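Shown here: data.txt, compact mmCIF, C-alpha atoms.
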# COMPACT_ATOMS: atom_id res chain seq x y z
CA MET A 1 82.70 -46.17 -141.27
CA LEU A 2 81.31 -48.94 -143.45
CA ALA A 3 82.28 -51.62 -140.94
CA GLY A 4 80.77 -49.69 -138.02
CA ARG A 5 77.48 -48.99 -139.77
CA ALA A 6 77.22 -52.60 -141.00
CA THR A 7 77.80 -53.79 -137.43
CA ALA A 8 74.96 -51.60 -136.18
CA ARG A 9 72.52 -52.94 -138.76
CA LEU A 10 73.51 -56.56 -138.12
CA VAL A 11 73.25 -56.34 -134.33
CA ARG A 12 69.84 -54.69 -134.51
CA ARG A 13 68.51 -57.08 -137.11
CA LEU A 14 69.56 -60.06 -134.97
CA ARG A 15 68.62 -58.26 -131.71
CA LEU A 16 71.82 -59.42 -130.09
CA GLY A 17 72.18 -56.42 -127.82
CA GLY A 18 75.19 -54.10 -127.72
CA GLY A 19 74.01 -52.10 -130.75
CA THR A 20 74.64 -48.82 -128.97
CA SER A 21 78.39 -49.36 -128.48
CA LEU A 22 79.64 -52.16 -130.72
CA PRO A 23 79.65 -50.11 -133.96
CA GLY A 24 81.94 -47.58 -132.32
CA LEU A 25 84.22 -50.24 -130.90
CA VAL A 26 84.58 -51.81 -134.36
CA ALA A 27 85.39 -48.46 -135.98
CA GLN A 28 87.88 -47.57 -133.24
CA ARG A 29 89.60 -50.95 -133.58
CA LEU A 30 90.07 -50.41 -137.34
CA ASP A 31 91.10 -46.76 -136.92
CA ALA A 32 91.88 -45.54 -133.41
CA GLN A 33 91.52 -41.93 -134.60
CA SER A 34 88.09 -42.34 -136.18
CA ALA A 35 86.09 -40.73 -133.34
CA ARG A 36 88.62 -37.89 -133.02
CA LYS A 37 88.41 -37.13 -136.76
CA LEU A 38 84.62 -37.22 -136.81
CA ALA A 39 84.26 -35.00 -133.73
CA ALA A 40 86.65 -32.45 -135.23
CA ALA A 41 84.45 -32.27 -138.34
CA LEU A 42 81.35 -31.07 -136.44
CA PRO A 43 80.83 -27.37 -137.34
CA GLN A 44 79.43 -26.41 -133.92
CA GLY A 45 81.77 -28.63 -131.93
CA VAL A 46 80.98 -31.03 -129.10
CA VAL A 47 79.20 -30.72 -125.75
CA LEU A 48 79.97 -33.27 -123.03
CA ALA A 49 77.82 -33.79 -119.95
CA THR A 50 78.87 -35.93 -117.02
CA GLY A 51 77.85 -36.47 -113.42
CA THR A 52 76.21 -39.07 -111.22
CA ASN A 53 72.59 -38.19 -111.99
CA GLY A 54 70.83 -36.23 -114.72
CA LYS A 55 73.20 -36.42 -117.66
CA THR A 56 70.81 -38.40 -119.89
CA THR A 57 67.93 -35.98 -119.27
CA ALA A 58 70.10 -32.87 -119.55
CA THR A 59 71.59 -33.96 -122.90
CA ARG A 60 68.15 -34.89 -124.27
CA LEU A 61 66.85 -31.43 -123.31
CA LEU A 62 69.92 -29.75 -124.80
CA SER A 63 69.43 -31.69 -128.03
CA GLY A 64 65.88 -30.33 -128.25
CA ILE A 65 67.15 -26.78 -127.72
CA ALA A 66 69.79 -27.20 -130.42
CA ARG A 67 67.14 -28.39 -132.87
CA GLN A 68 65.12 -25.25 -132.12
CA ALA A 69 68.23 -23.32 -133.18
CA GLY A 70 68.22 -25.19 -136.49
CA TRP A 71 71.18 -27.45 -135.69
CA ARG A 72 71.32 -31.16 -136.46
CA THR A 73 72.61 -33.08 -133.46
CA VAL A 74 74.74 -36.19 -133.10
CA HIS A 75 73.69 -37.65 -129.77
CA ASN A 76 74.15 -40.91 -127.83
CA ARG A 77 70.53 -40.66 -126.75
CA ALA A 78 70.16 -44.28 -125.62
CA GLY A 79 72.64 -43.63 -122.79
CA ALA A 80 75.64 -45.63 -124.08
CA ASN A 81 78.11 -43.31 -122.40
CA LEU A 82 81.46 -45.09 -122.58
CA VAL A 83 84.00 -44.41 -125.33
CA GLY A 84 82.36 -47.02 -127.58
CA GLY A 85 78.94 -45.39 -127.24
CA VAL A 86 80.26 -41.94 -128.13
CA ALA A 87 82.18 -43.36 -131.08
CA ALA A 88 79.10 -45.31 -132.23
CA ALA A 89 76.95 -42.16 -132.29
CA LEU A 90 79.57 -40.43 -134.43
CA VAL A 91 79.95 -43.42 -136.77
CA GLU A 92 76.21 -43.72 -137.34
CA ALA A 93 75.98 -40.02 -138.21
CA ALA A 94 78.72 -40.40 -140.83
CA GLY A 95 78.70 -41.73 -144.35
CA VAL A 96 81.29 -44.20 -145.50
CA ASP A 97 83.33 -41.22 -146.74
CA GLY A 98 83.36 -39.76 -143.22
CA HIS A 99 81.01 -36.87 -144.06
CA LEU A 100 78.84 -36.09 -141.01
CA SER A 101 75.10 -35.44 -141.14
CA GLY A 102 75.22 -33.26 -138.06
CA ASP A 103 76.27 -29.86 -136.75
CA LEU A 104 76.69 -30.37 -133.00
CA GLY A 105 77.79 -33.39 -130.95
CA ILE A 106 75.99 -33.85 -127.62
CA PHE A 107 77.30 -36.72 -125.54
CA GLU A 108 76.61 -37.86 -122.02
CA VAL A 109 79.72 -39.46 -120.55
CA ASP A 110 80.30 -41.93 -117.73
CA GLU A 111 81.99 -40.32 -114.75
CA ALA A 112 85.03 -42.57 -114.75
CA VAL A 113 85.77 -42.44 -118.48
CA TYR A 114 85.11 -38.71 -118.83
CA PRO A 115 88.84 -37.81 -119.08
CA HIS A 116 89.33 -40.24 -121.97
CA VAL A 117 86.37 -38.83 -123.91
CA GLN A 118 87.44 -35.26 -123.19
CA ASP A 119 90.89 -35.92 -124.62
CA LEU A 120 89.35 -37.74 -127.59
CA VAL A 121 86.82 -35.15 -128.79
CA GLN A 122 88.21 -31.80 -127.51
CA PRO A 123 84.84 -30.39 -126.36
CA ARG A 124 83.58 -26.85 -126.85
CA VAL A 125 81.42 -27.04 -123.70
CA VAL A 126 81.56 -29.40 -120.70
CA ALA A 127 78.69 -29.58 -118.20
CA PHE A 128 78.96 -31.26 -114.79
CA THR A 129 75.65 -32.09 -113.08
CA ASN A 130 76.42 -33.47 -109.59
CA LEU A 131 78.53 -35.99 -107.73
CA PHE A 132 77.13 -38.64 -105.39
CA ARG A 133 78.09 -42.13 -104.28
CA ASP A 134 77.30 -44.51 -107.12
CA GLN A 135 78.53 -48.05 -107.79
CA LEU A 136 81.28 -48.09 -105.19
CA ASP A 137 82.59 -51.32 -106.70
CA ARG A 138 83.38 -49.39 -109.92
CA TYR A 139 84.11 -45.81 -108.90
CA GLY A 140 85.16 -45.91 -105.26
CA GLU A 141 84.27 -42.96 -103.05
CA VAL A 142 83.33 -39.55 -104.45
CA ASP A 143 86.78 -38.11 -103.69
CA ILE A 144 88.29 -40.49 -106.24
CA VAL A 145 85.89 -39.36 -108.97
CA ARG A 146 86.37 -35.70 -108.08
CA SER A 147 90.16 -36.15 -108.29
CA ILE A 148 89.78 -37.69 -111.77
CA TRP A 149 87.60 -34.77 -112.83
CA ARG A 150 89.98 -32.17 -111.42
CA ASP A 151 92.90 -33.59 -113.37
CA ALA A 152 90.84 -33.61 -116.56
CA VAL A 153 89.50 -30.08 -116.06
CA SER A 154 93.04 -28.80 -115.53
CA ARG A 155 93.86 -30.00 -119.07
CA LEU A 156 90.88 -28.35 -120.78
CA ASP A 157 91.55 -26.01 -123.66
CA PRO A 158 91.18 -22.40 -122.44
CA ALA A 159 88.53 -21.88 -125.13
CA THR A 160 86.28 -24.58 -123.60
CA THR A 161 83.40 -23.33 -121.47
CA LEU A 162 82.99 -25.14 -118.15
CA VAL A 163 79.34 -25.35 -116.99
CA LEU A 164 79.07 -26.19 -113.28
CA ASN A 165 76.28 -26.80 -110.79
CA ALA A 166 76.82 -24.03 -108.24
CA ASP A 167 74.68 -25.86 -105.69
CA ASP A 168 76.88 -28.97 -105.51
CA PRO A 169 80.06 -28.07 -103.61
CA LEU A 170 81.97 -30.99 -105.13
CA VAL A 171 81.14 -29.78 -108.65
CA ALA A 172 81.44 -26.05 -108.00
CA SER A 173 84.95 -26.55 -106.61
CA LEU A 174 86.11 -27.78 -110.03
CA ALA A 175 86.37 -24.14 -111.08
CA GLN A 176 89.50 -23.97 -108.91
CA ALA A 177 91.20 -26.52 -111.19
CA ARG A 178 91.27 -24.19 -114.21
CA ALA A 179 94.08 -21.74 -114.73
CA ALA A 180 92.12 -19.93 -117.45
CA GLY A 181 88.93 -20.22 -119.44
CA PRO A 182 85.23 -19.34 -119.12
CA VAL A 183 83.12 -20.85 -116.33
CA LEU A 184 79.32 -20.64 -116.22
CA PHE A 185 77.51 -21.55 -113.00
CA TYR A 186 73.87 -22.59 -112.74
CA GLY A 187 71.75 -23.02 -109.62
CA LEU A 188 68.34 -23.01 -107.99
CA ASP A 189 67.06 -20.08 -105.93
CA ALA A 190 63.52 -21.45 -105.71
CA GLY A 191 61.56 -24.44 -104.50
CA GLU A 192 61.11 -25.85 -101.04
CA ALA A 193 64.21 -26.88 -99.12
CA VAL A 194 63.97 -30.33 -97.58
CA ALA A 195 66.33 -29.39 -94.73
CA THR A 196 68.68 -26.72 -93.42
CA ALA A 197 71.54 -29.15 -92.88
CA ALA A 198 73.02 -31.91 -95.01
CA PRO A 199 71.79 -35.41 -94.01
CA GLN A 200 74.04 -37.92 -92.27
CA THR A 201 74.37 -39.80 -95.58
CA SER A 202 75.64 -36.66 -97.34
CA ASP A 203 78.59 -37.09 -99.68
CA ALA A 204 79.85 -33.55 -99.06
CA ARG A 205 79.90 -32.69 -95.38
CA ARG A 206 83.34 -31.08 -95.58
CA CYS A 207 84.85 -28.34 -97.69
CA PRO A 208 86.49 -29.79 -100.81
CA LEU A 209 89.24 -27.17 -100.57
CA CYS A 210 90.29 -27.08 -96.89
CA GLY A 211 88.54 -30.09 -95.36
CA ASP A 212 86.71 -28.22 -92.61
CA PRO A 213 82.92 -28.65 -92.14
CA LEU A 214 80.48 -27.13 -94.60
CA GLN A 215 77.44 -25.27 -93.32
CA HIS A 216 74.25 -25.56 -95.38
CA GLU A 217 71.66 -22.80 -95.30
CA ARG A 218 69.23 -24.92 -97.31
CA VAL A 219 69.31 -28.39 -98.83
CA HIS A 220 67.38 -29.28 -101.97
CA TYR A 221 68.42 -32.93 -102.03
CA GLY A 222 71.47 -34.88 -100.88
CA HIS A 223 74.17 -32.25 -100.33
CA VAL A 224 72.89 -30.02 -103.15
CA GLY A 225 71.78 -26.59 -101.95
CA HIS A 226 73.21 -23.37 -100.53
CA TYR A 227 76.39 -23.77 -98.48
CA ARG A 228 79.59 -22.16 -97.24
CA CYS A 229 82.74 -23.35 -95.55
CA THR A 230 83.02 -22.61 -91.82
CA SER A 231 86.73 -21.81 -92.17
CA CYS A 232 87.89 -20.72 -95.64
CA ALA A 233 86.33 -18.48 -98.28
CA PHE A 234 84.77 -21.33 -100.26
CA ALA A 235 81.01 -20.85 -100.67
CA ARG A 236 78.27 -21.38 -103.20
CA PRO A 237 79.11 -19.18 -106.20
CA ALA A 238 76.45 -16.81 -107.50
CA PRO A 239 74.76 -18.63 -110.42
CA ASP A 240 74.93 -17.04 -113.87
CA VAL A 241 71.88 -19.08 -114.91
CA ARG A 242 69.31 -19.62 -112.19
CA ALA A 243 65.69 -20.46 -111.49
CA THR A 244 64.11 -17.91 -109.17
CA ALA A 245 60.62 -19.46 -109.03
CA LEU A 246 59.04 -22.89 -109.60
CA TRP A 247 55.36 -23.69 -110.13
CA PRO A 248 53.78 -27.12 -110.64
CA ARG A 249 51.80 -27.77 -113.84
CA TYR A 250 48.51 -29.61 -114.24
CA ASP A 251 50.19 -32.30 -116.35
CA GLY A 252 52.83 -33.16 -113.76
CA GLY A 253 55.51 -30.89 -115.21
CA GLN A 254 56.64 -27.54 -113.87
CA VAL A 255 57.26 -23.93 -114.86
CA MET A 256 60.41 -22.15 -113.78
CA ARG A 257 61.41 -18.52 -113.98
CA LEU A 258 64.78 -18.58 -115.69
CA GLU A 259 67.17 -15.67 -115.15
CA THR A 260 70.22 -15.55 -117.41
CA PRO A 261 72.74 -13.05 -118.78
CA ALA A 262 70.59 -13.07 -121.94
CA GLY A 263 67.40 -12.10 -120.07
CA THR A 264 64.53 -13.59 -118.05
CA ALA A 265 61.82 -15.97 -119.22
CA ASP A 266 59.18 -18.24 -117.71
CA VAL A 267 59.92 -21.71 -119.07
CA ALA A 268 57.67 -24.77 -119.08
CA VAL A 269 59.49 -28.03 -118.34
CA PRO A 270 57.37 -31.17 -118.97
CA LEU A 271 59.23 -33.15 -116.30
CA PRO A 272 58.47 -33.32 -112.56
CA GLY A 273 60.73 -32.91 -109.55
CA MET A 274 63.40 -30.57 -108.33
CA TYR A 275 66.11 -32.78 -109.80
CA ASN A 276 64.61 -32.20 -113.24
CA ALA A 277 64.65 -28.46 -112.60
CA TYR A 278 68.42 -28.84 -112.19
CA ASN A 279 68.60 -30.88 -115.41
CA ALA A 280 66.75 -28.12 -117.25
CA LEU A 281 69.12 -25.53 -115.80
CA ALA A 282 72.14 -27.54 -116.92
CA ALA A 283 70.73 -27.79 -120.46
CA ALA A 284 69.89 -24.09 -120.54
CA ALA A 285 73.34 -23.08 -119.30
CA ALA A 286 75.08 -25.31 -121.85
CA ALA A 287 72.90 -23.88 -124.63
CA LEU A 288 73.72 -20.32 -123.63
CA ALA A 289 77.41 -21.26 -123.58
CA LEU A 290 76.91 -22.29 -127.21
CA ARG A 291 75.43 -18.83 -127.86
CA ILE A 292 71.97 -20.19 -128.55
CA GLY A 293 69.28 -17.56 -127.91
CA LEU A 294 66.94 -17.51 -124.92
CA ALA A 295 63.88 -17.92 -127.17
CA GLU A 296 65.29 -21.20 -128.51
CA VAL A 297 66.15 -22.32 -124.97
CA ARG A 298 62.59 -21.68 -123.86
CA ALA A 299 61.06 -23.48 -126.85
CA GLY A 300 63.45 -26.42 -126.59
CA LEU A 301 62.79 -27.02 -122.90
CA ALA A 302 59.02 -26.75 -123.38
CA ALA A 303 59.17 -29.35 -126.16
CA GLY A 304 61.19 -31.77 -124.05
CA ALA A 305 60.17 -35.34 -124.80
CA GLN A 306 60.10 -38.44 -122.64
CA VAL A 307 63.61 -39.56 -121.83
CA PHE A 308 64.80 -43.16 -122.10
CA GLY A 309 63.59 -44.68 -118.80
CA ARG A 310 63.57 -41.34 -116.96
CA GLY A 311 59.93 -40.48 -116.44
CA GLU A 312 59.01 -42.39 -119.61
CA ARG A 313 55.31 -43.28 -119.90
CA VAL A 314 54.09 -46.40 -121.70
CA ALA A 315 50.48 -47.51 -122.29
CA ILE A 316 49.77 -51.25 -122.07
CA ALA A 317 46.69 -53.40 -121.40
CA GLY A 318 44.52 -50.44 -120.41
CA ARG A 319 47.06 -49.29 -117.85
CA GLU A 320 49.93 -46.81 -117.92
CA LEU A 321 53.51 -47.53 -116.84
CA LEU A 322 55.80 -44.80 -115.56
CA LEU A 323 59.46 -45.87 -115.88
CA ALA A 324 61.91 -44.17 -113.54
CA LEU A 325 65.51 -45.43 -113.41
CA ILE A 326 67.06 -45.85 -109.96
CA LYS A 327 70.77 -46.49 -109.40
CA ASN A 328 72.05 -44.78 -106.24
CA PRO A 329 70.73 -43.55 -102.87
CA VAL A 330 70.19 -39.86 -103.67
CA GLY A 331 68.73 -40.37 -107.12
CA CYS A 332 66.44 -43.14 -105.90
CA THR A 333 65.22 -41.05 -102.97
CA GLU A 334 64.33 -38.13 -105.24
CA VAL A 335 62.44 -40.45 -107.59
CA LEU A 336 60.51 -41.85 -104.62
CA ARG A 337 59.82 -38.35 -103.30
CA THR A 338 58.47 -37.23 -106.67
CA LEU A 339 56.38 -40.36 -107.25
CA THR A 340 54.69 -40.15 -103.84
CA GLN A 341 54.16 -36.39 -103.55
CA ASP A 342 50.52 -36.63 -104.71
CA GLY A 343 49.61 -38.51 -101.53
CA GLY A 344 47.78 -41.26 -103.43
CA GLN A 345 47.99 -45.05 -103.23
CA HIS A 346 50.03 -46.75 -105.95
CA VAL A 347 51.07 -50.06 -107.48
CA VAL A 348 54.87 -50.13 -107.66
CA LEU A 349 57.19 -52.55 -109.46
CA VAL A 350 60.83 -52.41 -108.29
CA ILE A 351 63.36 -54.33 -110.42
CA ILE A 352 66.84 -54.69 -108.93
CA ASN A 353 69.71 -56.29 -110.84
CA ASP A 354 73.32 -56.54 -109.67
CA ARG A 355 75.10 -56.94 -112.99
CA LEU A 356 78.26 -55.03 -113.80
CA ALA A 357 76.48 -52.07 -115.38
CA ASP A 358 74.20 -51.78 -112.33
CA GLY A 359 76.92 -52.10 -109.73
CA THR A 360 77.40 -55.46 -108.07
CA ASP A 361 77.07 -53.98 -104.56
CA VAL A 362 73.40 -53.38 -103.71
CA SER A 363 73.99 -52.09 -100.18
CA TRP A 364 72.93 -48.65 -101.48
CA LEU A 365 69.33 -49.84 -101.17
CA TRP A 366 69.59 -49.27 -97.42
CA ASP A 367 70.51 -45.59 -97.82
CA ALA A 368 67.64 -44.81 -100.22
CA GLU A 369 64.47 -43.66 -98.44
CA PHE A 370 62.09 -46.48 -99.36
CA GLU A 371 60.24 -45.52 -96.18
CA LEU A 372 58.44 -43.01 -98.41
CA LEU A 373 56.49 -45.96 -99.85
CA ALA A 374 55.29 -47.29 -96.50
CA GLU A 375 51.88 -45.61 -96.57
CA ARG A 376 51.65 -45.08 -100.33
CA VAL A 377 51.32 -48.54 -101.89
CA THR A 378 48.49 -51.00 -102.37
CA CYS A 379 50.88 -53.53 -103.91
CA THR A 380 54.66 -53.59 -104.34
CA LEU A 381 56.14 -56.11 -106.78
CA VAL A 382 59.87 -56.88 -106.55
CA ALA A 383 61.74 -58.55 -109.41
CA GLY A 384 65.23 -58.97 -110.82
CA THR A 385 68.34 -60.82 -109.71
CA ARG A 386 68.14 -59.25 -106.23
CA ALA A 387 64.38 -59.38 -105.76
CA GLU A 388 64.68 -61.01 -102.33
CA ASP A 389 67.04 -58.29 -101.07
CA MET A 390 64.57 -55.65 -102.22
CA ALA A 391 61.71 -57.44 -100.48
CA VAL A 392 63.65 -57.43 -97.20
CA ARG A 393 64.46 -53.73 -97.63
CA LEU A 394 60.78 -52.89 -98.15
CA LYS A 395 59.80 -54.88 -95.05
CA TYR A 396 62.24 -52.85 -92.95
CA ALA A 397 60.98 -49.66 -94.62
CA GLY A 398 57.56 -50.28 -93.13
CA VAL A 399 55.72 -51.54 -96.20
CA PRO A 400 53.15 -54.09 -94.93
CA VAL A 401 54.38 -57.61 -95.70
CA GLU A 402 51.04 -58.59 -97.25
CA ARG A 403 51.56 -55.81 -99.83
CA ILE A 404 54.97 -57.12 -100.96
CA VAL A 405 55.03 -59.70 -103.77
CA CYS A 406 58.37 -61.23 -104.73
CA GLU A 407 58.45 -62.41 -108.35
CA PRO A 408 61.97 -62.61 -109.82
CA GLN A 409 60.66 -63.40 -113.34
CA LEU A 410 60.11 -60.11 -115.14
CA ASP A 411 57.22 -61.16 -117.37
CA ARG A 412 55.30 -62.60 -114.43
CA ALA A 413 56.02 -59.53 -112.30
CA LEU A 414 54.65 -57.25 -115.03
CA ALA A 415 51.52 -59.36 -115.42
CA THR A 416 50.93 -59.32 -111.66
CA ALA A 417 51.46 -55.55 -111.45
CA LEU A 418 49.02 -54.92 -114.30
CA GLY A 419 46.49 -57.20 -112.62
CA ALA A 420 46.83 -55.34 -109.33
CA ALA A 421 46.23 -51.94 -110.93
CA ARG A 422 42.80 -50.52 -111.74
CA PRO A 423 41.96 -49.70 -115.38
CA GLY A 424 43.63 -46.41 -116.26
CA GLN A 425 45.85 -46.50 -113.15
CA CYS A 426 49.54 -45.69 -113.53
CA VAL A 427 51.96 -48.39 -112.35
CA ARG A 428 55.28 -46.98 -111.11
CA VAL A 429 58.23 -49.04 -112.38
CA LEU A 430 61.61 -48.48 -110.70
CA PRO A 431 64.38 -50.48 -112.43
CA THR A 432 68.16 -50.43 -112.24
CA TYR A 433 70.00 -49.92 -115.55
CA THR A 434 70.19 -53.46 -116.95
CA ALA A 435 66.70 -54.12 -115.58
CA LEU A 436 65.46 -51.10 -117.54
CA LEU A 437 66.93 -52.51 -120.75
CA GLU A 438 65.34 -55.91 -120.10
CA PHE A 439 62.00 -54.37 -119.20
CA ARG A 440 61.90 -52.17 -122.31
CA GLU A 441 62.76 -55.24 -124.42
CA LEU A 442 59.82 -57.04 -122.81
CA LEU A 443 57.53 -54.10 -123.62
CA ALA A 444 58.88 -53.93 -127.19
CA ARG A 445 58.07 -57.62 -127.73
CA ALA A 446 54.55 -56.91 -126.44
CA GLY A 447 54.21 -54.06 -128.96
CA ALA A 448 53.90 -51.40 -126.24
CA LEU A 449 56.89 -49.38 -127.43
CA HIS A 450 59.58 -49.27 -130.09
CA HIS A 451 63.27 -49.89 -129.64
CA PHE A 452 65.15 -46.64 -129.18
CA TRP A 453 66.63 -46.77 -132.70
CA GLU A 454 63.10 -46.99 -134.15
CA ASP A 455 61.82 -43.87 -132.36
Please rewrite the model in this file as structure tokens.
Amino acid sequence: MLAGRATARLVRRLRLGGGTSLPGLVAQRLDAQSARKLAAALPQGVVLATGTNGKTTATRLLSGIARQAGWRTVHNRAGANLVGGVAAALVEAAGVDGHLSGDLGIFEVDEAVYPHVQDLVQPRVVAFTNLFRDQLDRYGEVDIVRSIWRDAVSRLDPATTLVLNADDPLVASLAQARAAGPVLFYGLDAGEAVATAAPQTSDARRCPLCGDPLQHERVHYGHVGHYRCTSCAFARPAPDVRATALWPRYDGGQVMRLETPAGTADVAVPLPGMYNAYNALAAAAAALALRIGLAEVRAGLAAGAQVFGRGERVAIAGRELLLALIKNPVGCTEVLRTLTQDGGQHVVLVIINDRLADGTDVSWLWDAEFELLAERVTCTLVAGTRAEDMAVRLKYAGVPVERIVCEPQLDRALATALGAARPGQCVRVLPTYTALLEFRELLARAGALHHFWED
């Protein structure tokens, strides 16, 4: 514990990077059972959340709900979601004697390493958000990830509650992998469907059980919606926790009518977009699985704060930046849909890196619907290691060439974007993961925000 905590302080003082995982890696190297021992000492146990999109937001919302219930949380809130990141969060919540200053562990977990973390911490609740193509160079196709998940779920302790997105057939089918144990489904029975059939780029066009075609009655985004198999009995399960109505709020958030086994409540969620309605549902379902009351769920969701690079707003130089992480076709498309739904004209900064944590294959840019920007931008800046690729993609998306500025250097791109925006105008910033870290570091040096550990 002493070595891990000293590592964290040293890395942050020297600003070397890696401060979110390295302390855990050091502790695990000295004692391979350190994370297991610390997790077992949490009085309220551990919640794990995994999936392609939404796990950072869902865990941040769940942490807020748990605090409303009076629980102290141990949470990898910066998004370090490999084994080292989970271990680091536990180490930093512990004294040198191993005593934890927390009641409940809440950890988002990378899709591929989920089985390892599950076996390490023995969770009380596991929530799965969705499954889409993401970083094919790391994960392979969605069937590979789903197979990994199925094997892990089959090993879950019968006392563990499985929280599943009923509207994603790949996730909902995981219930079939359990021989015994509670399963709680959540889903959306509100909002406008974008289609009545899954798009050609869908990652779930066939039944995950029998392989025959799925038929969608409504699609909310990607392959997420209401569906049934055309051959076998597999169909969208009835959600235990569901939103039956959605209303937009004046501040860009939304209100949803939440129906649960514990009752019904209208809940304010200070985050836009249908995908964030799903994140709120996942957090609410996980909280109810922990036997947290509906009043605390409502208060926790309403108090939801800005999430690290997911709708985060930053004021700088008389302008406002809206940071929205993009990393795969479906998630990127939903961000674009949300950012352009007001019909206005915007300044947009897109930062594309192709480092290992981003995924070295950037072909996913051609499946994301950047066409949504074609009539909605006055200026589009592109930066990062693959700035030129992004510029070409925007040209083919119909963005006028004279409105595309390629500036690989991040500081220059930010200065140009701020100069192109009117005073008080919000600049939309769409970075990949390592680009987000670099961009926030640039803003921190400019005094526009704090590092996550200083929040």
### Query
For the point (64.2, -22.0, -105.3) in file coordinates, what residues are within 7 Å, counting all atoms listed in the file? Give the answer as an MDAnalysis selection string?
chainID A and resid 188:192 243:246
#### Entry: Length of the atom CA of A:Gly70 to atom CA of A:Ala39 vector [Å]
19.0 Å
### Task
Can you pull out every residue within 6 Å of A:Val255, counting all atoms listed in the file, but drop anything in the same chain fewer than 5 positions away, and send it as a PyMOL selection string?
chain A and resi 246-247+267-269
Tell me which protein, DNA and RNA residues are within 8 Å of stretch 222-235 of chain A, counting only C-alpha atoms, leaving out same-chain ones fewer than 4 positions away, and put them as an mmCIF file with C-alpha atoms, keeping the file's coordinate frame.
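out27.cif, freshly written:
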data_model
loop_
_atom_site.group_PDB
_atom_site.id
_atom_site.type_symbol
_atom_site.label_atom_id
_atom_site.label_comp_id
_atom_site.auth_asym_id
_atom_site.auth_seq_id
_atom_site.Cartn_x
_atom_site.Cartn_y
_atom_site.Cartn_z
ATOM 1 C CA ASP A 167 74.680 -25.860 -105.690
ATOM 2 C CA ASP A 168 76.880 -28.970 -105.510
ATOM 3 C CA PRO A 169 80.060 -28.070 -103.610
ATOM 4 C CA LEU A 188 68.340 -23.010 -107.990
ATOM 5 C CA ALA A 198 73.020 -31.910 -95.010
ATOM 6 C CA PRO A 199 71.790 -35.410 -94.010
ATOM 7 C CA THR A 201 74.370 -39.800 -95.580
ATOM 8 C CA SER A 202 75.640 -36.660 -97.340
ATOM 9 C CA ASP A 203 78.590 -37.090 -99.680
ATOM 10 C CA ALA A 204 79.850 -33.550 -99.060
ATOM 11 C CA ARG A 205 79.900 -32.690 -95.380
ATOM 12 C CA ARG A 206 83.340 -31.080 -95.580
ATOM 13 C CA CYS A 207 84.850 -28.340 -97.690
ATOM 14 C CA LEU A 209 89.240 -27.170 -100.570
ATOM 15 C CA CYS A 210 90.290 -27.080 -96.890
ATOM 16 C CA ASP A 212 86.710 -28.220 -92.610
ATOM 17 C CA PRO A 213 82.920 -28.650 -92.140
ATOM 18 C CA LEU A 214 80.480 -27.130 -94.600
ATOM 19 C CA GLN A 215 77.440 -25.270 -93.320
ATOM 20 C CA HIS A 216 74.250 -25.560 -95.380
ATOM 21 C CA GLU A 217 71.660 -22.800 -95.300
ATOM 22 C CA ARG A 218 69.230 -24.920 -97.310
ATOM 23 C CA VAL A 330 70.190 -39.860 -103.670
#
### Query
Which residue out of A:Leu436, A:Ala180, A:Ala302, A:Leu48 has the minimum interatomic distance to A:Asp110 when all atoms listed in the file are used?
A:Leu48
### Task
Please identify all polymer residues within 9 Å of stretch 283-294 of chain A, counting all atoms listed in the file, omitting same-chain residues fewer than 5 positions from it, and present them as a VMD selection string.
chain A and resid 44 47 57 to 63 65 to 66 69 124 to 127 161 to 164 184 to 186 240 to 242 258 260 to 265 278 299 301
